[in-house]
file structure_30.txt (compact mmCIF, C-alpha atoms)
# COMPACT_ATOMS: atom_id res chain seq x y z
CA MET A 1038 128.28 106.48 134.24
CA ASP A 1039 130.18 109.21 136.06
CA LEU A 1040 129.67 110.49 139.56
CA THR A 1041 131.22 113.88 140.29
CA LEU A 1042 132.22 115.15 143.73
CA ALA A 1043 133.85 118.22 145.21
CA SER A 1044 135.78 117.66 148.43
CA GLN A 1045 136.22 120.54 150.88
CA GLU A 1046 139.09 119.37 153.08
CA ARG A 1047 142.52 117.85 152.55
CA CYS A 1048 141.25 114.60 154.09
CA GLU A 1049 137.57 113.80 154.08
CA VAL A 1050 135.16 110.87 154.01
CA MET A 1051 132.28 111.58 151.60
CA ASP A 1052 129.11 109.47 151.72
CA ILE A 1053 128.23 108.41 148.15
CA THR A 1054 125.72 105.70 149.06
CA ALA A 1055 122.64 107.55 147.79
CA ASN A 1056 124.34 108.56 144.52
CA VAL A 1057 125.30 104.98 143.73
CA GLN A 1058 121.86 103.69 144.75
CA ARG A 1059 120.25 106.18 142.37
CA ALA A 1060 122.47 105.04 139.51
CA CYS A 1061 121.61 101.39 140.19
CA ARG A 1062 117.88 102.15 140.13
CA GLN A 1063 118.28 103.92 136.83
CA TRP A 1064 120.05 100.85 135.50
CA GLY A 1065 117.40 98.49 136.92
CA GLY A 1066 119.37 95.31 136.26
CA SER A 1067 120.92 92.51 138.35
CA GLY A 1068 124.59 91.72 138.83
CA ALA A 1069 127.07 94.06 140.46
CA VAL A 1070 128.17 97.67 140.31
CA LEU A 1071 131.85 98.49 140.09
CA VAL A 1072 132.64 101.80 141.79
CA TYR A 1073 136.00 102.77 140.40
CA CYS A 1074 138.21 105.67 141.50
CA PRO A 1075 140.47 106.85 138.65
CA HIS A 1076 142.43 109.11 141.02
CA THR A 1077 145.62 108.13 142.83
CA THR A 1078 145.27 110.21 146.01
CA GLY A 1079 141.79 109.04 147.01
CA GLY A 1080 139.99 105.74 147.42
CA VAL A 1081 136.64 104.08 148.04
CA THR A 1082 135.59 101.97 150.99
CA LEU A 1083 132.57 100.36 152.66
CA ASN A 1084 131.98 101.04 156.34
CA GLU A 1085 129.40 102.05 158.93
CA LYS A 1086 127.06 104.76 157.72
CA PHE A 1087 125.12 105.72 160.84
CA ASP A 1088 127.58 106.99 163.42
CA PRO A 1089 129.82 109.70 161.89
CA THR A 1090 132.50 109.07 164.52
CA VAL A 1091 133.42 105.89 162.62
CA ARG A 1092 134.48 107.99 159.61
CA GLN A 1093 136.30 110.44 161.89
CA ASP A 1094 138.27 107.59 163.50
CA LEU A 1095 139.10 106.10 160.11
CA LEU A 1096 140.58 109.38 158.82
CA HIS A 1097 142.41 110.01 162.06
CA TRP A 1098 143.93 106.56 162.11
CA MET A 1099 144.97 106.65 158.44
CA GLU A 1100 146.82 109.87 159.32
CA ARG A 1101 148.44 108.13 162.26
CA LEU A 1102 149.55 105.15 160.14
CA VAL A 1103 150.80 107.34 157.26
CA PRO A 1104 151.42 110.90 158.52
CA ALA A 1105 151.35 113.74 155.99
CA GLY A 1106 154.39 115.27 157.72
CA ALA A 1107 156.75 112.27 157.50
CA VAL A 1108 159.76 112.20 155.18
CA TYR A 1109 158.99 110.85 151.68
CA ALA A 1110 160.85 110.78 148.35
CA HIS A 1111 157.88 112.08 146.32
CA ALA A 1112 158.24 115.88 146.33
CA GLU A 1113 154.65 116.99 145.66
CA GLY A 1114 153.57 116.99 149.32
CA ASN A 1115 151.02 114.22 148.83
CA ALA A 1116 153.13 111.06 149.15
CA ASP A 1117 151.07 110.06 152.18
CA ALA A 1118 147.88 110.35 150.10
CA HIS A 1119 149.21 107.89 147.51
CA ILE A 1120 150.12 105.37 150.20
CA LYS A 1121 146.76 105.76 151.95
CA ALA A 1122 145.02 105.13 148.61
CA SER A 1123 146.83 101.82 148.10
CA LEU A 1124 146.00 100.75 151.67
CA THR A 1125 142.27 101.43 151.40
CA GLY A 1126 141.86 100.51 147.73
CA SER A 1127 140.58 102.21 144.57
CA GLN A 1128 137.50 100.17 143.79
CA VAL A 1129 134.57 98.37 145.35
CA LEU A 1130 132.22 95.84 143.77
CA ILE A 1131 128.72 95.61 145.27
CA PRO A 1132 125.92 93.17 144.41
CA VAL A 1133 122.79 94.63 142.80
CA ARG A 1134 119.40 92.93 142.38
CA GLN A 1135 116.77 94.44 140.06
CA GLY A 1136 118.25 97.88 140.51
CA ASN A 1137 118.66 97.64 144.28
CA LEU A 1138 122.12 98.10 145.74
CA LEU A 1139 122.53 95.25 148.22
CA LEU A 1140 124.28 96.82 151.18
CA GLY A 1141 124.44 95.48 154.70
CA ARG A 1142 122.16 97.04 157.29
CA TRP A 1143 124.78 99.45 158.70
CA GLN A 1144 126.83 99.75 155.55
CA GLY A 1145 127.50 102.87 153.53
CA LEU A 1146 129.81 103.52 150.59
CA PHE A 1147 132.39 106.27 150.92
CA PHE A 1148 134.86 108.20 148.81
CA LEU A 1149 138.05 108.81 150.76
CA GLU A 1150 139.70 112.11 149.91
CA PHE A 1151 143.35 112.17 150.96
CA ASP A 1152 144.60 115.20 149.01
CA GLY A 1153 141.76 117.70 148.68
CA PRO A 1154 140.04 119.94 148.27
CA ARG A 1155 139.58 118.77 144.67
CA HIS A 1156 136.99 117.99 142.05
CA ARG A 1157 136.75 114.22 141.71
CA THR A 1158 134.98 111.82 139.36
CA LEU A 1159 134.15 108.20 140.10
CA TRP A 1160 133.25 105.72 137.35
CA LEU A 1161 130.35 103.31 137.75
CA SER A 1162 130.13 100.15 135.62
CA PHE A 1163 127.42 97.52 135.73
CA LEU A 1164 128.43 93.89 135.41
CA ALA A 1165 126.15 91.07 134.37
CA THR A 1166 125.01 88.32 136.65
CA ALA A 1167 125.84 84.82 135.41
CA PRO A 1168 123.09 83.35 133.19
CA GLN A 1169 123.26 79.96 134.90
CA GLU A 1170 122.72 81.53 138.30
CA ALA A 1171 118.91 81.59 138.03
CA ALA A 1172 118.83 77.99 136.76
CA SER A 1173 120.73 76.72 139.79
CA GLY A 1174 117.95 77.86 142.07
CA LYS A 1175 119.63 80.87 143.71
CA MET F 1199 123.55 82.73 147.99
CA ASP F 1200 124.26 83.25 151.66
CA LEU F 1201 127.04 81.75 153.71
CA THR F 1202 126.50 81.85 157.48
CA LEU F 1203 129.25 81.77 160.08
CA ALA F 1204 129.53 81.95 163.85
CA SER F 1205 132.77 83.40 165.18
CA GLN F 1206 134.00 82.39 168.63
CA GLU F 1207 136.53 85.09 169.48
CA ARG F 1208 136.69 88.87 169.33
CA CYS F 1209 139.28 88.60 166.55
CA GLU F 1210 139.49 85.49 164.44
CA VAL F 1211 140.45 84.32 160.96
CA MET F 1212 137.89 81.82 159.65
CA ASP F 1213 138.69 79.62 156.64
CA ILE F 1214 135.74 79.77 154.22
CA THR F 1215 137.53 78.28 151.20
CA ALA F 1216 135.60 74.99 151.18
CA ASN F 1217 132.23 76.71 151.63
CA VAL F 1218 132.83 78.99 148.65
CA GLN F 1219 134.18 76.11 146.54
CA ARG F 1220 131.02 74.14 147.27
CA ALA F 1221 128.81 77.05 146.20
CA CYS F 1222 130.77 77.43 142.96
CA ARG F 1223 130.38 73.73 142.14
CA GLN F 1224 126.63 74.01 142.74
CA TRP F 1225 126.58 76.93 140.33
CA GLY F 1226 128.72 75.10 137.76
CA GLY F 1227 129.32 78.17 135.57
CA SER F 1228 132.32 80.24 134.46
CA GLY F 1229 133.15 83.83 135.36
CA ALA F 1230 133.86 85.02 138.87
CA VAL F 1231 132.42 84.76 142.35
CA LEU F 1232 132.00 87.92 144.42
CA VAL F 1233 132.38 87.19 148.13
CA TYR F 1234 130.80 90.17 149.81
CA CYS F 1235 130.81 91.01 153.52
CA PRO F 1236 127.76 93.14 154.47
CA HIS F 1237 129.19 93.75 157.96
CA THR F 1238 131.32 96.75 158.96
CA THR F 1239 133.49 95.17 161.67
CA GLY F 1240 134.78 92.23 159.63
CA GLY F 1241 136.33 91.66 156.23
CA VAL F 1242 137.44 89.06 153.71
CA THR F 1243 140.94 88.36 152.46
CA LEU F 1244 143.01 85.88 150.46
CA ASN F 1245 146.17 84.51 152.04
CA GLU F 1246 148.14 81.34 152.76
CA LYS F 1247 145.97 78.43 153.78
CA PHE F 1248 148.46 75.80 154.88
CA ASP F 1249 150.44 77.19 157.80
CA PRO F 1250 148.09 78.55 160.48
CA THR F 1251 150.83 80.81 161.86
CA VAL F 1252 150.25 83.10 158.85
CA ARG F 1253 146.70 83.81 160.06
CA GLN F 1254 147.96 84.26 163.61
CA ASP F 1255 150.55 86.82 162.48
CA LEU F 1256 147.97 88.67 160.39
CA LEU F 1257 145.61 89.06 163.37
CA HIS F 1258 148.43 90.01 165.69
CA TRP F 1259 149.77 92.62 163.32
CA MET F 1260 146.35 94.14 162.60
CA GLU F 1261 146.03 94.58 166.37
CA ARG F 1262 149.43 96.20 166.47
CA LEU F 1263 148.58 98.63 163.67
CA VAL F 1264 145.12 99.45 165.06
CA PRO F 1265 145.00 98.56 168.79
CA ALA F 1266 141.60 97.92 170.38
CA GLY F 1267 142.72 99.89 173.43
CA ALA F 1268 143.68 103.15 171.70
CA VAL F 1269 141.60 106.33 172.03
CA TYR F 1270 138.83 106.68 169.43
CA ALA F 1271 135.80 108.95 168.97
CA HIS F 1272 133.37 106.07 168.28
CA ALA F 1273 132.01 105.04 171.68
CA GLU F 1274 130.90 101.46 171.04
CA GLY F 1275 134.27 99.87 171.84
CA ASN F 1276 134.77 98.60 168.30
CA ALA F 1277 136.26 101.61 166.50
CA ASP F 1278 139.41 99.55 165.84
CA ALA F 1279 137.30 96.86 164.15
CA HIS F 1280 135.82 99.38 161.69
CA ILE F 1281 139.28 100.68 160.77
CA LYS F 1282 140.68 97.16 160.38
CA ALA F 1283 137.76 96.32 158.06
CA SER F 1284 138.56 99.25 155.74
CA LEU F 1285 142.25 98.28 155.68
CA THR F 1286 141.67 94.64 154.73
CA GLY F 1287 138.57 95.17 152.56
CA SER F 1288 135.00 93.90 152.48
CA GLN F 1289 134.95 91.93 149.27
CA VAL F 1290 136.98 89.61 147.11
CA LEU F 1291 136.40 88.59 143.49
CA ILE F 1292 137.80 85.20 142.44
CA PRO F 1293 137.82 83.64 138.96
CA VAL F 1294 135.73 80.49 138.48
CA ARG F 1295 135.89 78.04 135.56
CA GLN F 1296 133.12 75.47 135.08
CA GLY F 1297 132.29 75.55 138.75
CA ASN F 1298 135.90 75.38 139.95
CA LEU F 1299 137.16 78.18 142.17
CA LEU F 1300 140.53 79.16 140.69
CA LEU F 1301 142.75 79.75 143.71
CA GLY F 1302 146.53 79.79 143.78
CA ARG F 1303 148.30 76.71 145.09
CA TRP F 1304 148.79 78.05 148.64
CA GLN F 1305 145.78 80.35 148.67
CA GLY F 1306 142.77 80.18 150.93
CA LEU F 1307 139.85 82.56 151.41
CA PHE F 1308 139.21 83.91 154.90
CA PHE F 1309 136.60 85.83 156.81
CA LEU F 1310 138.25 88.24 159.24
CA GLU F 1311 136.29 88.74 162.43
CA PHE F 1312 137.33 91.91 164.25
CA ASP F 1313 134.42 92.30 166.70
CA GLY F 1314 133.13 88.85 167.63
CA PRO F 1315 131.88 86.55 168.76
CA ARG F 1316 128.95 87.11 166.38
CA HIS F 1317 126.75 85.43 163.82
CA ARG F 1318 127.80 86.60 160.38
CA THR F 1319 126.47 86.20 156.86
CA LEU F 1320 128.48 86.58 153.66
CA TRP F 1321 126.82 87.09 150.28
CA LEU F 1322 128.01 85.19 147.20
CA SER F 1323 127.18 86.47 143.69
CA PHE F 1324 128.19 84.88 140.42
CA LEU F 1325 129.26 87.16 137.59
CA ALA F 1326 129.27 86.23 133.92
CA THR F 1327 132.38 85.75 131.86
CA ALA F 1328 132.55 87.97 128.77
CA PRO F 1329 130.97 86.31 125.70
CA GLN F 1330 133.79 87.41 123.41
CA GLU F 1331 136.39 85.82 125.65
CA ALA F 1332 136.06 82.35 124.11
CA ALA F 1333 136.18 83.77 120.57
CA SER F 1334 139.51 85.49 121.20
CA GLY F 1335 141.17 82.15 121.84
CA LYS F 1336 141.65 82.40 125.61
CA MET U 95 144.94 84.56 130.27
CA ASP U 96 148.20 84.43 132.20
CA LEU U 97 150.72 87.19 132.67
CA THR U 98 154.16 86.04 133.78
CA LEU U 99 156.69 88.18 135.66
CA ALA U 100 160.14 87.76 137.17
CA SER U 101 160.90 90.03 140.10
CA GLN U 102 164.52 90.95 140.86
CA GLU U 103 164.36 92.19 144.45
CA ARG U 104 162.83 91.05 147.72
CA CYS U 105 160.41 93.97 147.55
CA GLU U 106 159.58 95.59 144.26
CA VAL U 107 156.82 97.46 142.48
CA MET U 108 156.45 96.19 138.90
CA ASP U 109 154.49 98.20 136.33
CA ILE U 110 152.11 95.82 134.50
CA THR U 111 149.89 98.49 132.91
CA ALA U 112 151.04 97.88 129.33
CA ASN U 113 150.75 94.08 129.65
CA VAL U 114 147.16 94.32 130.85
CA GLN U 115 146.29 96.93 128.22
CA ARG U 116 147.62 94.59 125.52
CA ALA U 117 145.51 91.70 126.81
CA CYS U 118 142.40 93.91 126.83
CA ARG U 119 142.99 94.97 123.24
CA GLN U 120 143.34 91.33 122.21
CA TRP U 121 140.04 90.63 123.90
CA GLY U 122 138.36 93.66 122.32
CA GLY U 123 135.20 93.51 124.45
CA SER U 124 133.50 95.71 127.03
CA GLY U 125 133.03 95.07 130.74
CA ALA U 126 135.87 94.72 133.21
CA VAL U 127 139.17 92.92 133.58
CA LEU U 128 139.91 91.08 136.80
CA VAL U 129 143.65 91.09 137.55
CA TYR U 130 144.07 88.31 140.07
CA CYS U 131 147.22 87.42 142.02
CA PRO U 132 147.25 83.72 142.98
CA HIS U 133 150.29 84.25 145.24
CA THR U 134 150.17 84.98 148.95
CA THR U 135 153.31 87.10 149.34
CA GLY U 136 152.54 89.65 146.63
CA GLY U 137 149.62 91.84 145.63
CA VAL U 138 148.26 94.18 142.98
CA THR U 139 147.44 97.87 143.31
CA LEU U 140 146.53 100.96 141.33
CA ASN U 141 148.57 104.12 141.88
CA GLU U 142 150.45 106.93 140.18
CA LYS U 143 152.43 105.78 137.18
CA PHE U 144 154.47 108.84 136.23
CA ASP U 145 156.72 109.70 139.17
CA PRO U 146 158.66 106.61 140.31
CA THR U 147 159.16 108.13 143.78
CA VAL U 148 155.52 107.27 144.52
CA ARG U 149 156.31 103.56 144.16
CA GLN U 150 159.47 103.97 146.21
CA ASP U 151 157.53 105.65 149.05
CA LEU U 152 154.85 102.95 148.94
CA LEU U 153 157.42 100.14 149.35
CA HIS U 154 159.30 102.02 152.03
CA TRP U 155 156.16 102.73 154.02
CA MET U 156 154.85 99.16 153.76
CA GLU U 157 158.19 98.09 155.25
CA ARG U 158 157.78 100.65 158.02
CA LEU U 159 154.24 99.46 158.83
CA VAL U 160 155.17 95.76 158.66
CA PRO U 161 158.95 95.36 159.08
CA ALA U 162 160.58 92.20 157.73
CA GLY U 163 162.73 92.03 160.87
CA ALA U 164 159.94 92.03 163.47
CA VAL U 165 159.04 88.94 165.51
CA TYR U 166 156.43 86.69 163.88
CA ALA U 167 155.09 83.18 164.52
CA HIS U 168 155.45 82.06 160.88
CA ALA U 169 158.94 80.60 160.59
CA GLU U 170 159.64 80.97 156.85
CA GLY U 171 161.05 84.48 157.06
CA ASN U 172 158.23 85.99 154.98
CA ALA U 173 155.49 86.60 157.56
CA ASP U 174 155.70 90.33 156.80
CA ALA U 175 155.09 89.62 153.10
CA HIS U 176 151.84 87.75 153.88
CA ILE U 177 150.57 90.63 156.02
CA LYS U 178 151.54 93.23 153.41
CA ALA U 179 149.63 91.22 150.79
CA SER U 180 146.42 91.29 152.84
CA LEU U 181 146.80 95.04 153.42
CA THR U 182 147.25 95.95 149.75
CA GLY U 183 144.96 93.25 148.30
CA SER U 184 145.26 90.41 145.80
CA GLN U 185 143.02 91.60 143.00
CA VAL U 186 141.92 94.64 141.09
CA LEU U 187 138.91 95.05 138.79
CA ILE U 188 139.21 97.71 136.08
CA PRO U 189 136.55 98.85 133.60
CA VAL U 190 137.21 98.10 129.90
CA ARG U 191 135.40 99.60 126.89
CA GLN U 192 135.84 98.04 123.44
CA GLY U 193 139.21 96.64 124.40
CA ASN U 194 140.46 99.83 126.07
CA LEU U 195 141.53 99.65 129.69
CA LEU U 196 139.87 102.66 131.35
CA LEU U 197 142.50 103.99 133.71
CA GLY U 198 142.65 107.43 135.27
CA ARG U 199 145.03 109.95 133.73
CA TRP U 200 147.86 109.36 136.23
CA GLN U 201 146.97 105.77 137.07
CA GLY U 202 149.06 102.69 136.48
CA LEU U 203 148.58 99.08 137.56
CA PHE U 204 151.30 97.45 139.62
CA PHE U 205 152.32 94.05 140.90
CA LEU U 206 153.72 94.34 144.42
CA GLU U 207 156.46 91.83 145.15
CA PHE U 208 156.99 91.38 148.88
CA ASP U 209 159.06 88.15 148.90
CA GLY U 210 161.16 88.04 145.75
CA PRO U 211 163.04 87.52 143.66
CA ARG U 212 160.56 85.01 142.21
CA HIS U 213 158.75 83.98 139.06
CA ARG U 214 155.15 85.11 139.34
CA THR U 215 151.98 84.59 137.32
CA LEU U 216 148.91 86.82 137.36
CA TRP U 217 145.55 85.67 136.02
CA LEU U 218 143.42 87.92 133.84
CA SER U 219 139.67 87.27 133.45
CA PHE U 220 137.23 89.30 131.39
CA LEU U 221 133.78 89.93 132.83
CA ALA U 222 130.71 90.88 130.80
CA THR U 223 129.03 94.24 130.96
CA ALA U 224 125.35 94.12 131.89
CA PRO U 225 123.07 93.77 128.84
CA GLN U 226 120.65 96.43 130.10
CA GLU U 227 123.46 98.95 130.49
CA ALA U 228 123.34 100.11 126.86
CA ALA U 229 119.55 100.48 126.99
CA SER U 230 119.78 102.85 129.99
CA GLY U 231 121.56 105.39 127.83
CA LYS U 232 125.18 105.06 128.99
call {"tool": "encode", "arguments": {"input": "structure_30.txt", "output": "structure tokens"}}
result
Amino acid sequence: MDLTLASQERCEVMDITANVQRACRQWGGSGAVLVYCPHTTGGVTLNEKFDPTVRQDLLHWMERLVPAGAVYAHAEGNADAHIKASLTGSQVLIPVRQGNLLLGRWQGLFFLEFDGPRHRTLWLSFLATAPQEAASGK
Amino acid sequence: MDLTLASQERCEVMDITANVQRACRQWGGSGAVLVYCPHTTGGVTLNEKFDPTVRQDLLHWMERLVPAGAVYAHAEGNADAHIKASLTGSQVLIPVRQGNLLLGRWQGLFFLEFDGPRHRTLWLSFLATAPQEAASGK
Amino acid sequence: MDLTLASQERCEVMDITANVQRACRQWGGSGAVLVYCPHTTGGVTLNEKFDPTVRQDLLHWMERLVPAGAVYAHAEGNADAHIKASLTGSQVLIPVRQGNLLLGRWQGLFFLEFDGPRHRTLWLSFLATAPQEAASGK
């Protein structure tokens, strides 16, 4: 299942929690959902959903660790975005029970845009829980 | 299955290898275990288990990359912890065969506390191996 | 299934996309492939495959963030490699459909050597897609 997004800024944190929750409900199963970013200048991450300053700090600090204006070999002007993507990661796996995305109380799921604005697509895959799991009394 | 921890320091690396191994043995199946951190100021990581200086260097360097005392927008005094969590990641997926956690020779699994001391809970989920895998002679 | 590699440099980005694609085709199933690094001074990451300068920048910037020559407690001369491994991650999970590795258009899969030259082994595991997934109209 695909999830499409349109970022508005060069660097942006987009909340995709509700979109992924909706997809899990549609599925209705138990196991885990793999949220996979097929792009190489963006990533996905879990972090605090409630206070937007957390996302602001995250973007600001990624820029501080890997500045867009530094000297890089890659000549397309987005070398920093590629490095940021490898630091934050391209995929997240989240447990799902009977169609409910099991997030922590303060947790949200975010797409990290490091080279926007762009149209982006994320891929969702649903993985099966182990058959023996129920038997072992979990 | 839940795994509960109590950290003692603001920043700490806690070895959870034995706890996760025990849970896998109880399960007894084959596939993979998802170790999921539902908190947003801590993470999980794989690294060397034997020499404790490795964990000490990791904590020290995370502090150097994202200092607690820097200026952040988030006003709760733990903005650095949120950023550290997104850099190290909130979940790890490890192969399991017949209840044995398949770690590398020097590898251990760690919870990274970035805003303790706190009570923490990690969630373990067991995912099924692919049915065709056996048939293909693996 | 094991994938063996021999790195030639202390730090190196090795393209393992074709090796993992081959293993997925041999499997022939649907779900996801877990590419797991059992070593603690190397990692795996997804990033741009086509322009080799992207890999060069990634290595160079990891060295800038965590210099080999800094002062560390760990006395084996590879403390930086352990920290780099926790920043980039030890495993990647990629969707697979009927034996095809579903990568993004520009995406490749890479082993990151941070303490070579060494012989390395990566572990591939195939995880099952959820049985209800087909029924939900994917």
call {"tool": "closest_atom_pairs", "arguments": {"input": "structure_30.txt", "of": "segment 1248-1288 of chain F", "to": "segment 1205-1209 of chain F", "cutoff": "12 Å", "atoms": "all atoms listed in the file", "output": "JSON lines"}}
result
{"residue": "F:Arg1253", "atom": "CA", "partner": "F:Cys1209", "partner_atom": "CA", "distance": 11.0}
{"residue": "F:Gln1254", "atom": "CA", "partner": "F:Cys1209", "partner_atom": "CA", "distance": 10.1}
{"residue": "F:Leu1256", "atom": "CA", "partner": "F:Cys1209", "partner_atom": "CA", "distance": 10.7}
{"residue": "F:Leu1257", "atom": "CA", "partner": "F:Cys1209", "partner_atom": "CA", "distance": 7.1}
{"residue": "F:His1258", "atom": "CA", "partner": "F:Cys1209", "partner_atom": "CA", "distance": 9.3}
{"residue": "F:Trp1259", "atom": "CA", "partner": "F:Cys1209", "partner_atom": "CA", "distance": 11.7}
{"residue": "F:Met1260", "atom": "CA", "partner": "F:Cys1209", "partner_atom": "CA", "distance": 9.8}
{"residue": "F:Glu1261", "atom": "CA", "partner": "F:Cys1209", "partner_atom": "CA", "distance": 9.0}
{"residue": "F:Pro1265", "atom": "CA", "partner": "F:Cys1209", "partner_atom": "CA", "distance": 11.7}
{"residue": "F:Ala1266", "atom": "CA", "partner": "F:Cys1209", "partner_atom": "CA", "distance": 10.3}
{"residue": "F:Gly1275", "atom": "CA", "partner": "F:Arg1208", "partner_atom": "CA", "distance": 11.5}
{"residue": "F:Asn1276", "atom": "CA", "partner": "F:Arg1208", "partner_atom": "CA", "distance": 10.0}
{"residue": "F:Asp1278", "atom": "CA", "partner": "F:Cys1209", "partner_atom": "CA", "distance": 11.0}
{"residue": "F:Ala1279", "atom": "CA", "partner": "F:Cys1209", "partner_atom": "CA", "distance": 8.8}
{"residue": "F:Lys1282", "atom": "CA", "partner": "F:Cys1209", "partner_atom": "CA", "distance": 10.6}
{"residue": "F:Ala1283", "atom": "CA", "partner": "F:Cys1209", "partner_atom": "CA", "distance": 11.6}
call {"tool": "write_last_selection", "arguments": {"input": "structure_30.txt", "atoms": "C-alpha atoms", "output": "compact mmCIF listing (two decimals), keeping the file's coordinate frame"}}
result
# COMPACT_ATOMS: atom_id res chain seq x y z
CA ARG F 1253 146.70 83.81 160.06
CA GLN F 1254 147.96 84.26 163.61
CA LEU F 1256 147.97 88.67 160.39
CA LEU F 1257 145.61 89.06 163.37
CA HIS F 1258 148.43 90.01 165.69
CA TRP F 1259 149.77 92.62 163.32
CA MET F 1260 146.35 94.14 162.60
CA GLU F 1261 146.03 94.58 166.37
CA PRO F 1265 145.00 98.56 168.79
CA ALA F 1266 141.60 97.92 170.38
CA GLY F 1275 134.27 99.87 171.84
CA ASN F 1276 134.77 98.60 168.30
CA ASP F 1278 139.41 99.55 165.84
CA ALA F 1279 137.30 96.86 164.15
CA LYS F 1282 140.68 97.16 160.38
CA ALA F 1283 137.76 96.32 158.06
call {"tool": "closest_residue", "arguments": {"input": "structure_30.txt", "among": "U:Leu140, U:Ala169, U:Val127, U:Leu203", "to": "Ile188 of chain U", "atoms": "only C-alpha atoms"}}
result
U:Val127
call {"tool": "residues_around", "arguments": {"input": "structure_30.txt", "residues": "Gln1058 of chain A", "least_positions_apart": "4", "cutoff": "8 Å", "atoms": "only C-alpha atoms", "output": "MDAnalysis selection string"}}
result
chainID A and resid 1054 1062 1137:1138
call {"tool": "atom_distance", "arguments": {"input": "structure_30.txt", "atom1": "atom CA of Ala1060 of chain A", "atom2": "atom CA of Val186 of chain U"}}
result
22.1 Å
call {"tool": "closest_residue", "arguments": {"input": "structure_30.txt", "among": "F:Val1242, F:Trp1321, F:Pro1315, F:Gly1297", "to": "chain U", "atoms": "all atoms listed in the file"}}
result
F:Val1242
call {"tool": "interface_residues", "arguments": {"input": "structure_30.txt", "of": "chain F", "to": "chain A", "cutoff": "9 Å", "atoms": "all atoms listed in the file", "output": "VMD selection string"}}
result
chain F and resid 1199 1224 to 1230 1232 1234 to 1239 1263 to 1264 1270 to 1273 1277 to 1278 1280 to 1281 1283 to 1291 1321 to 1327
call {"tool": "residues_around", "arguments": {"input": "structure_30.txt", "residues": "Met1051 of chain A", "least_positions_apart": "4", "cutoff": "9 Å", "atoms": "all atoms listed in the file", "output": "MDAnalysis selection string"}}
result
chainID A and resid 1042 1044 1146:1150
call {"tool": "write_last_selection", "arguments": {"input": "structure_30.txt", "atoms": "C-alpha atoms", "output": "PDB file, in the frame of the given file"}}
result
ATOM      1  CA  LEU A1042     132.220 115.150 143.730  1.00  0.00           C
ATOM      2  CA  SER A1044     135.780 117.660 148.430  1.00  0.00           C
ATOM      3  CA  LEU A1146     129.810 103.520 150.590  1.00  0.00           C
ATOM      4  CA  PHE A1147     132.390 106.270 150.920  1.00  0.00           C
ATOM      5  CA  PHE A1148     134.860 108.200 148.810  1.00  0.00           C
ATOM      6  CA  LEU A1149     138.050 108.810 150.760  1.00  0.00           C
ATOM      7  CA  GLU A1150     139.700 112.110 149.910  1.00  0.00           C
TER       8      GLU A1150
END
call {"tool": "atom_distance", "arguments": {"input": "structure_30.txt", "atom1": "atom CA of Cys1222 of chain F", "atom2": "atom CA of Arg1295 of chain F"}}
result
9.0 Å
call {"tool": "atom_distance", "arguments": {"input": "structure_30.txt", "atom1": "atom CA of Val1211 of chain F", "atom2": "atom CA of Gly1240 of chain F"}}
result
9.8 Å
call {"tool": "axis_aligned_box", "arguments": {"input": "structure_30.txt", "around": "segment 1123-1137 of chain A", "padding_each_side": "8 Å", "output": "JSON"}}
result
{"center_x": 131.8, "center_y": 97.6, "center_z": 145.9, "size_x": 46.1, "size_y": 25.3, "size_z": 27.6}
